[in-house]
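Peer 1: Data: work10.cif, mmCIF, C-alpha atoms and all ligand atoms.
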```cif
data_target
#
loop_
_atom_site.label_atom_id
_atom_site.label_comp_id
_atom_site.auth_asym_id
_atom_site.auth_seq_id
_atom_site.Cartn_x
_atom_site.Cartn_y
_atom_site.Cartn_z
CA MET A 1 8.30 32.48 8.51
CA LYS A 2 4.73 31.47 7.65
CA ASP A 3 3.00 29.21 10.17
CA PHE A 4 -0.56 28.24 9.24
CA VAL A 5 -2.99 27.46 12.01
CA LYS A 6 -4.73 24.29 10.89
CA ALA A 7 -8.08 24.94 9.24
CA GLY A 8 -9.86 22.13 7.42
CA PRO A 9 -9.17 18.43 7.36
CA THR A 10 -5.71 16.92 7.58
CA VAL A 11 -4.48 15.86 4.15
CA THR A 12 -2.75 12.50 4.35
CA MET A 13 -0.73 11.35 1.38
CA PHE A 14 0.12 7.66 1.01
CA VAL A 15 3.44 7.78 -0.79
CA PRO A 16 3.77 5.36 -3.73
CA TYR A 17 6.66 3.47 -2.09
CA ASP A 18 6.38 0.27 -0.06
CA CYS A 19 8.13 -0.29 3.27
CA ASN A 20 9.27 -3.94 2.92
CA ASN A 21 8.03 -4.70 6.42
CA ALA A 22 5.08 -6.83 7.51
CA CYS A 23 3.81 -5.53 10.85
CA PRO A 24 0.90 -7.71 12.05
CA PHE A 25 -1.24 -4.64 12.90
CA CYS A 26 -0.73 -2.94 9.52
CA VAL A 27 -3.90 -1.71 7.85
CA ASN A 28 -2.20 -0.24 4.75
CA LYS A 29 -0.15 -3.13 3.47
CA LYS A 30 -2.67 -4.58 1.05
CA GLU A 31 -2.78 -1.23 -0.80
CA TYR A 32 0.85 -1.85 -1.83
CA ARG A 33 0.34 -5.32 -3.35
CA ASP A 34 -0.37 -3.97 -6.82
CA THR A 35 1.69 -0.88 -7.65
CA SER A 36 0.79 -0.70 -11.35
CA SER A 37 -1.57 2.30 -10.96
CA PHE A 38 0.68 4.31 -8.59
CA SER A 39 1.68 7.77 -9.78
CA LEU A 40 3.78 10.30 -7.92
CA GLU A 41 2.96 12.88 -10.58
CA ARG A 42 -0.78 12.56 -9.85
CA CYS A 43 -0.04 12.71 -6.10
CA TYR A 44 1.60 16.11 -6.70
CA LYS A 45 -1.40 17.32 -8.69
CA SER A 46 -3.71 16.29 -5.85
CA LEU A 47 -1.49 17.97 -3.25
CA ASP A 48 -1.66 21.19 -5.32
CA LEU A 49 -5.42 20.92 -5.73
CA LEU A 50 -6.00 20.39 -2.02
CA ASN A 51 -3.59 23.21 -1.22
CA ARG A 52 -5.87 25.57 -3.13
CA ILE A 53 -9.04 24.29 -1.46
CA PHE A 54 -7.62 23.97 2.07
CA PRO A 55 -4.65 26.36 2.06
CA HIS A 56 -4.00 25.96 5.80
CA ASN A 57 -4.33 22.21 6.15
CA ASP A 58 -1.88 20.00 7.99
CA ILE A 59 -0.17 17.42 5.79
CA VAL A 60 0.81 13.87 6.76
CA LEU A 61 3.17 11.82 4.60
CA THR A 62 2.72 8.14 5.31
CA GLY A 63 2.92 4.81 3.58
CA GLY A 64 4.38 2.49 2.83
CA GLU A 65 7.63 4.28 3.48
CA PRO A 66 8.04 8.03 2.84
CA LEU A 67 11.83 7.67 3.28
CA ALA A 68 12.18 4.83 0.75
CA ASP A 69 13.54 7.38 -1.72
CA LEU A 70 15.21 10.31 0.04
CA ASP A 71 15.57 12.41 -3.13
CA THR A 72 11.85 12.13 -3.79
CA LEU A 73 11.03 12.92 -0.17
CA SER A 74 13.19 16.07 -0.45
CA ASP A 75 11.32 16.97 -3.61
CA ILE A 76 7.91 16.44 -1.95
CA LEU A 77 8.93 18.56 1.06
CA SER A 78 10.24 21.34 -1.18
CA HIS A 79 7.01 21.17 -3.18
CA ILE A 80 4.79 21.75 -0.12
CA GLU A 81 4.21 25.45 0.44
CA ASP A 82 5.88 26.90 3.56
CA GLY A 83 3.54 27.35 6.52
CA HIS A 84 1.81 23.95 6.46
CA HIS A 85 2.49 21.68 9.40
CA VAL A 86 4.05 18.57 7.88
CA TYR A 87 4.15 15.24 9.72
CA ILE A 88 6.03 12.17 8.46
CA ASN A 89 5.36 8.57 9.51
CA THR A 90 8.41 6.42 8.86
CA THR A 91 10.53 3.48 9.99
CA LEU A 92 13.62 5.65 9.33
CA PRO A 93 15.37 3.27 6.93
CA VAL A 94 19.07 3.74 6.22
CA PRO A 95 20.09 2.42 2.77
CA GLU A 96 22.90 -0.17 2.76
CA ASN A 97 25.28 2.18 0.95
CA SER A 98 24.50 5.08 3.32
CA SER A 99 24.88 5.95 7.03
CA ILE A 100 22.76 7.45 9.80
CA GLU A 101 24.82 10.67 9.43
CA GLU A 102 23.96 10.93 5.73
CA VAL A 103 20.26 10.25 6.25
CA ALA A 104 20.10 12.74 9.14
CA ALA A 105 21.90 15.37 7.03
CA VAL A 106 19.33 15.05 4.22
CA LEU A 107 16.43 15.30 6.65
CA ASN A 108 17.96 18.19 8.58
CA LYS A 109 17.98 20.27 5.38
CA HIS A 110 14.20 20.28 5.77
CA ALA A 111 14.17 20.86 9.53
CA ASP A 112 12.06 24.03 9.12
CA LYS A 113 9.47 22.13 7.12
CA ILE A 114 9.02 19.04 9.32
CA SER A 115 6.70 19.64 12.28
CA CYS A 116 7.25 16.14 13.60
CA MET A 117 8.58 12.83 12.35
CA ASN A 118 6.93 9.74 13.89
CA VAL A 119 9.41 6.89 13.83
CA SER A 120 8.00 3.36 14.23
CA ARG A 121 9.72 1.26 16.84
CA HIS A 122 7.85 -1.52 18.62
CA LEU A 123 8.25 -3.87 21.59
CA LYS A 124 9.09 -6.57 19.04
CA HIS A 125 11.31 -5.77 16.05
CA TYR A 126 8.69 -5.80 13.32
CA VAL A 127 10.60 -3.22 11.27
CA LYS A 128 14.26 -3.03 10.29
CA GLU A 129 15.81 -0.64 12.81
CA CYS A 130 18.83 1.60 12.37
CA ASP A 131 21.17 2.67 15.18
CA ASP A 132 19.32 4.65 17.88
CA ALA A 133 22.16 7.21 17.71
CA ILE A 134 20.35 8.74 14.72
CA PHE A 135 17.77 10.32 17.06
CA ASP A 136 20.44 12.57 18.56
CA LEU A 137 21.39 13.78 15.06
CA LEU A 138 17.91 14.96 14.05
CA LYS A 139 17.42 18.72 14.35
CA PHE A 140 13.62 18.72 14.34
CA ARG A 141 10.88 17.30 16.51
CA HIS A 142 10.55 13.55 16.29
CA ARG A 143 8.85 10.96 18.42
CA ILE A 144 9.06 7.23 18.80
CA ASN A 145 5.79 5.68 17.62
CA CYS A 146 5.00 2.29 19.15
CA VAL A 147 1.88 0.21 18.51
CA ILE A 148 1.30 -2.05 21.49
CA PHE A 149 0.23 -5.29 19.82
CA GLU A 150 0.87 -7.28 23.00
CA ASP A 151 -1.85 -8.01 25.57
CA ALA A 152 -1.35 -5.33 28.24
CA ALA A 153 -3.00 -7.60 30.85
CA ASP A 154 -0.32 -10.25 30.33
CA PRO A 155 2.30 -9.82 33.11
CA ALA A 156 5.04 -10.39 30.48
CA THR A 157 4.15 -7.10 28.77
CA GLU A 158 5.09 -4.80 31.67
CA PRO A 159 8.85 -5.55 31.69
CA LYS A 160 8.92 -5.28 27.87
CA LEU A 161 7.26 -1.87 27.90
CA ASN A 162 9.45 -0.75 30.79
CA ALA A 163 12.60 -1.76 28.87
CA PHE A 164 11.29 0.05 25.78
CA LEU A 165 10.72 3.28 27.72
CA GLU A 166 14.20 2.96 29.23
CA ARG A 167 15.67 2.49 25.73
CA PHE A 168 14.10 5.73 24.55
CA LYS A 169 14.61 7.72 27.73
CA GLY A 170 14.99 11.41 26.88
CA HIS A 171 12.86 11.12 23.72
CA GLU A 172 9.21 11.82 23.13
CA VAL A 173 7.32 8.52 22.88
CA GLN A 174 3.87 7.90 21.44
CA LEU A 175 2.25 4.61 22.50
CA ARG A 176 -0.66 3.50 20.36
CA ALA A 177 -3.47 1.09 21.08
CA ASN A 178 -3.90 -1.69 18.54
CA TYR A 179 -6.38 -0.11 16.09
CA SER A 180 -8.20 -3.37 15.47
CA ASN A 181 -9.39 -3.48 19.09
CA LEU A 182 -10.94 -0.01 18.97
CA THR A 183 -14.58 0.78 18.31
CA LEU A 184 -16.78 3.87 18.57
CA ASP A 185 -17.89 2.50 21.97
CA ASN A 186 -14.49 2.11 23.59
CA VAL A 187 -12.21 4.63 21.84
CA PHE A 188 -12.74 7.37 24.44
CA LEU A 189 -12.92 5.14 27.53
CA THR A 190 -10.15 4.43 30.01
CA GLU A 191 -12.26 2.02 32.10
CA ASN A 192 -11.39 -1.59 31.26
CA ASP A 193 -8.44 -0.34 29.20
CA ASP A 194 -5.56 -2.58 30.36
CA LEU A 195 -3.01 -0.59 28.37
CA PHE A 196 -4.04 2.70 29.97
CA ASP A 197 -3.70 1.04 33.41
CA LEU A 198 -0.27 -0.35 32.52
CA ILE A 199 1.03 3.03 31.31
CA CYS A 200 -0.27 4.59 34.56
CA LYS A 201 2.00 2.12 36.43
CA LEU A 202 5.07 3.08 34.40
CA ALA A 203 4.61 6.84 33.97
CA ASP A 204 2.84 9.77 35.62
CA TYR A 205 -0.51 10.71 34.09
CA LYS A 206 -0.70 14.45 33.29
CA TYR A 207 -3.74 15.34 31.18
CA ASP A 208 -6.16 14.27 28.42
CA LEU A 209 -5.71 15.46 24.83
CA GLU A 210 -8.71 17.00 23.12
CA LYS A 211 -11.13 14.34 21.84
CA GLU A 212 -11.67 14.27 18.10
CA ARG A 213 -14.37 12.22 16.41
CA PHE A 214 -12.07 9.33 15.63
CA ARG A 215 -9.25 9.58 18.14
CA THR A 216 -8.23 10.67 21.59
CA GLY A 217 -5.07 10.68 23.69
CA PHE A 218 -3.59 10.96 27.16
CA VAL A 219 -0.34 12.61 28.16
CA PHE A 220 2.09 11.11 30.68
CA GLU A 221 5.57 11.97 31.89
CA ARG A 222 8.46 9.73 32.84
CA ASP A 223 11.93 10.92 33.81
CA GLY A 224 11.09 14.34 32.35
CA SER A 225 10.09 12.90 28.95
CA LYS A 226 6.66 13.20 27.39
CA ILE A 227 4.78 9.98 26.68
CA THR A 228 1.43 10.08 24.93
CA TYR A 229 -1.05 7.24 24.69
CA HIS A 230 -3.15 7.49 21.52
CA LYS A 231 -6.33 5.65 20.68
CA THR A 232 -7.29 6.02 17.02
CA LEU A 233 -10.15 4.24 15.28
CA PRO A 234 -9.27 2.25 12.16
CA PHE A 235 -11.28 4.77 10.14
CA ALA A 236 -11.56 8.59 10.11
CA LYS A 237 -15.07 9.19 8.79
CA VAL A 238 -17.70 9.12 11.53
CA ASP A 239 -21.42 9.80 10.87
CA GLY A 240 -20.51 11.17 7.44
CA VAL A 241 -18.10 13.73 8.89
CA VAL A 242 -14.61 13.51 7.44
CA GLY A 243 -11.51 13.67 9.66
CA ASP A 244 -8.82 13.03 7.08
CA ILE A 245 -8.68 13.55 3.35
CA ILE A 246 -6.53 10.93 1.70
CA ILE A 247 -4.35 11.13 -1.38
CA ARG A 248 -3.89 7.52 -2.34
CA GLN A 249 -0.80 6.14 -4.07
CA THR A 250 -2.63 6.55 -7.38
CA GLY A 251 -3.07 10.28 -6.74
CA ARG A 252 -6.84 9.82 -6.36
CA ILE A 253 -8.51 11.61 -3.47
CA TYR A 254 -10.64 9.72 -0.93
CA ASP A 255 -12.58 10.67 2.20
CA ASP A 256 -11.15 7.89 4.37
CA TRP A 257 -8.07 5.73 4.48
CA ASN A 258 -9.57 2.25 4.56
CA GLU A 259 -11.99 0.27 2.44
CA TYR A 260 -14.89 2.42 3.66
CA GLY A 261 -13.37 5.45 1.99
CA GLN A 262 -15.01 6.87 -1.10
CA GLU A 263 -13.40 8.61 -4.02
CA LEU A 264 -14.22 12.32 -3.94
CA ASN A 265 -14.89 14.73 -6.74
CA ILE A 266 -14.28 18.45 -6.60
CA ASN A 267 -17.93 19.28 -5.83
CA ASP A 268 -17.89 16.89 -2.87
CA LEU A 269 -14.81 18.69 -1.55
CA ALA A 270 -16.62 22.04 -1.62
CA LEU A 271 -19.55 20.58 0.35
CA LEU A 272 -17.49 18.47 2.73
CA GLU A 273 -18.26 18.51 6.43
CA TYR A 274 -15.20 18.01 8.56
CA LYS A 275 -13.66 18.58 11.93
S1 LIG B 301 6.16 -0.28 8.56
FE1 LIG B 301 4.16 0.75 8.56
S2 LIG B 301 3.34 0.49 6.46
FE2 LIG B 301 5.03 -0.99 6.74
S3 LIG B 301 4.06 -2.92 7.41
FE3 LIG B 301 4.67 -1.81 9.27
S4 LIG B 301 2.85 -0.59 9.82
FE4 LIG B 301 2.58 -1.25 7.68
#
```
Take the structure in the file and give it back as structure tokens.
Peer 2:
Amino acid sequence: MKDFVKAGPTVTMFVPYDCNNACPFCVNKKEYRDTSSFSLERCYKSLDLLNRIFPHNDIVLTGGEPLADLDTLSDILSHIEDGHHVYINTTLPVPENSSIEEVAAVLNKHADKISCMNVSRHLKHYVKECDDAIFDLLKFRHRINCVIFEDAADPATEPKLNAFLERFKGHEVQLRANYSNLTLDNVFLTENDDLFDLICKLADYKYDLEKERFRTGFVFERDGSKITYHKTLPFAKVDGVVGDIIIRQTGRIYDDWNEYGQELNINDLALLEYK
């Protein structure tokens, strides 16, 4: 089986489907207010174009909600050439006329294609959650993705985080700092980071992840399970160097995922500096 070692920027595709949630830390939501220019067909064309320019890139499917339409997700996954590492960010919705078994069965058909599925679950129920039993049905790597919106210095946060880690015991958990609090000055620091200190109380620190220009991470262990703490800036282009290439819901290609991002043309892609 082909397995490409990542070379070039990550290609992140914002699927043209909304999530119907309203998380207070969401930085993508406003993109979904007006869907009139969305085009899945153009998203496919852009995926194909970027596949030719960066044939070994990693691909992230995010939104919105990549699982809003399971048939389309299957189609997108089948469309992506084997060998790419594919990551999916989702809330793992289960349609009212379906079941966790049916959703897991659809996803498991693509188990070879999915490198990891990040499933949003938070200390507060900002998203509609299905039965946790679904995690035992998935036959590919998945991790629980939790943005800590609470103040880690508040004594009330510790029991909530402890209960959350107990709930997902045995699963990989990714804790994320609230993006809006991160800047180029503090993204790599652990000093004065109340959340880092709190995680150190609840889990055993193991090692640092490699620093990238716009994010870093720290690995912990608790009861034999891996817990990572990620700090990611709310932008991916630093000093003109691009960390992520974005396919927006319209199919247009940008060099960042927020309002600072600029639409790229093919010549820019050939000249692009990235890490
Ligand atoms: S589920 Fe994701 S995309 Fe939807 S509001 Fe929450 S953070 Fe935003």
Peer 1: Taking into account all atoms listed in the file, which residue in the set A:Ser39, A:Thr232, A:Thr12, A:Thr90 is nearest to ligand LIG 301 (chain B)?
Peer 2: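 Result for the nearest residue to ligand LIG 301 (chain B): A:Thr90.
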Peer 1: Distance table requested - chain A against ligand LIG 301 (chain B), cut-off 12 Å, only C-alpha atoms and all ligand atoms: one row per qualifying residue with the closest atom pair and its distance in Å to one decimal, ordered by chain and rising residue number, as a Markdown table.
Peer 2:
```
| residue | atom | partner | partner_atom | distance |
| --- | --- | --- | --- | --- |
| A:Phe14 | CA | B:LIG301 | S2 | 9.6 |
| A:Val15 | CA | B:LIG301 | S2 | 10.3 |
| A:Pro16 | CA | B:LIG301 | S2 | 11.3 |
| A:Tyr17 | CA | B:LIG301 | S2 | 9.6 |
| A:Asp18 | CA | B:LIG301 | FE2 | 7.0 |
| A:Cys19 | CA | B:LIG301 | FE2 | 4.7 |
| A:Asn20 | CA | B:LIG301 | FE2 | 6.4 |
| A:Asn21 | CA | B:LIG301 | S3 | 4.5 |
| A:Ala22 | CA | B:LIG301 | S3 | 4.0 |
| A:Cys23 | CA | B:LIG301 | FE3 | 4.1 |
| A:Pro24 | CA | B:LIG301 | S3 | 7.4 |
| A:Phe25 | CA | B:LIG301 | S4 | 6.5 |
| A:Cys26 | CA | B:LIG301 | FE4 | 4.1 |
| A:Val27 | CA | B:LIG301 | FE4 | 6.5 |
| A:Asn28 | CA | B:LIG301 | FE4 | 5.7 |
| A:Lys29 | CA | B:LIG301 | FE4 | 5.4 |
| A:Lys30 | CA | B:LIG301 | FE4 | 9.1 |
| A:Glu31 | CA | B:LIG301 | S2 | 9.6 |
| A:Tyr32 | CA | B:LIG301 | S2 | 9.0 |
| A:Arg33 | CA | B:LIG301 | S3 | 11.6 |
| A:Leu61 | CA | B:LIG301 | S2 | 11.5 |
| A:Thr62 | CA | B:LIG301 | S2 | 7.8 |
| A:Gly63 | CA | B:LIG301 | S2 | 5.2 |
| A:Gly64 | CA | B:LIG301 | S2 | 4.3 |
| A:Glu65 | CA | B:LIG301 | S2 | 6.5 |
| A:Pro66 | CA | B:LIG301 | S2 | 9.6 |
| A:Leu67 | CA | B:LIG301 | S1 | 11.1 |
| A:Ala68 | CA | B:LIG301 | FE2 | 11.0 |
| A:Ile88 | CA | B:LIG301 | FE1 | 11.6 |
| A:Asn89 | CA | B:LIG301 | FE1 | 8.0 |
| A:Thr90 | CA | B:LIG301 | S1 | 7.1 |
| A:Thr91 | CA | B:LIG301 | S1 | 5.9 |
| A:Leu92 | CA | B:LIG301 | S1 | 9.6 |
| A:Pro93 | CA | B:LIG301 | S1 | 10.0 |
| A:Asn118 | CA | B:LIG301 | FE1 | 10.8 |
| A:Val119 | CA | B:LIG301 | S1 | 9.5 |
| A:Ser120 | CA | B:LIG301 | S1 | 7.0 |
| A:Arg121 | CA | B:LIG301 | S1 | 9.1 |
| A:His122 | CA | B:LIG301 | FE3 | 9.9 |
| A:Lys124 | CA | B:LIG301 | FE3 | 11.7 |
| A:His125 | CA | B:LIG301 | FE3 | 10.3 |
| A:Tyr126 | CA | B:LIG301 | FE3 | 7.0 |
| A:Val127 | CA | B:LIG301 | S1 | 6.0 |
| A:Lys128 | CA | B:LIG301 | S1 | 8.7 |
| A:Glu129 | CA | B:LIG301 | S1 | 10.6 |
| A:Asn145 | CA | B:LIG301 | S4 | 10.4 |
| A:Cys146 | CA | B:LIG301 | S4 | 10.0 |
| A:Val147 | CA | B:LIG301 | S4 | 8.8 |
| A:Ile148 | CA | B:LIG301 | S4 | 11.9 |
| A:Phe149 | CA | B:LIG301 | S4 | 11.4 |
| A:Arg176 | CA | B:LIG301 | S4 | 11.8 |
| A:Asn178 | CA | B:LIG301 | S4 | 11.1 |
| A:Tyr179 | CA | B:LIG301 | S4 | 11.2 |
```
Peer 1: So, with all atoms listed in the file as the atoms that count, which of A:Tyr254, A:Tyr207, A:Phe218, A:Phe38 lies closest to Leu50 of chain A?
Peer 2: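 Ranked by minimum distance to Leu50 of chain A, first place goes to A:Tyr254.
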Peer 1: To box segment 78-93 of chain A, take all atoms listed in the file, fit an axis-aligned box, add 3 Å on each side, and give centre and edge lengths in Å to one decimal, as AutoDock Vina command-line options.
Peer 2:
```
--center_x 8.6 --center_y 15.3 --center_z 3.4 --size_x 19.6 --size_y 30.1 --size_z 19.2
```
Peer 1: State, in Å with one decimal place, the distance from atom CA of Ala156 of chain A to atom CA of Arg143 of chain A.
Peer 2: 24.8 Å
Peer 1: Give me, as a PyMOL selection string, all polymer residues having an atom no more than 7 Å from Asn162 of chain A, counting only C-alpha atoms and skipping those fewer than 4 positions away in the same chain.
Peer 2: chain A and resi 158+166+202
Peer 1: Write out as a ChimeraX atom specification each polymer residue whose atoms come within 12 Å of segment 108-110 of chain A, counting only C-alpha atoms; drop sequence neighbours fewer than 3 positions from it.
Peer 2: /A:70-71,73-80,82,86-88,100-105,113-117,134-142
Peer 1: For atom CA of Val241 of chain A and atom CA of Phe214 of chain A, quote the distance in Å rounded to one decimal.
Peer 2: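 Computing the Euclidean distance for atom CA of Val241 of chain A and atom CA of Phe214 of chain A yields 10.1 Å.
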Peer 1: Which residue out of A:Leu161, A:Ala111, A:Ala236, A:Leu182 has the minimum interatomic distance to Ala203 of chain A when only C-alpha atoms are used?
Peer 2: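 Going through A:Leu161, A:Ala111, A:Ala236, A:Leu182 one by one, the smallest distance to Ala203 of chain A is for A:Leu161.
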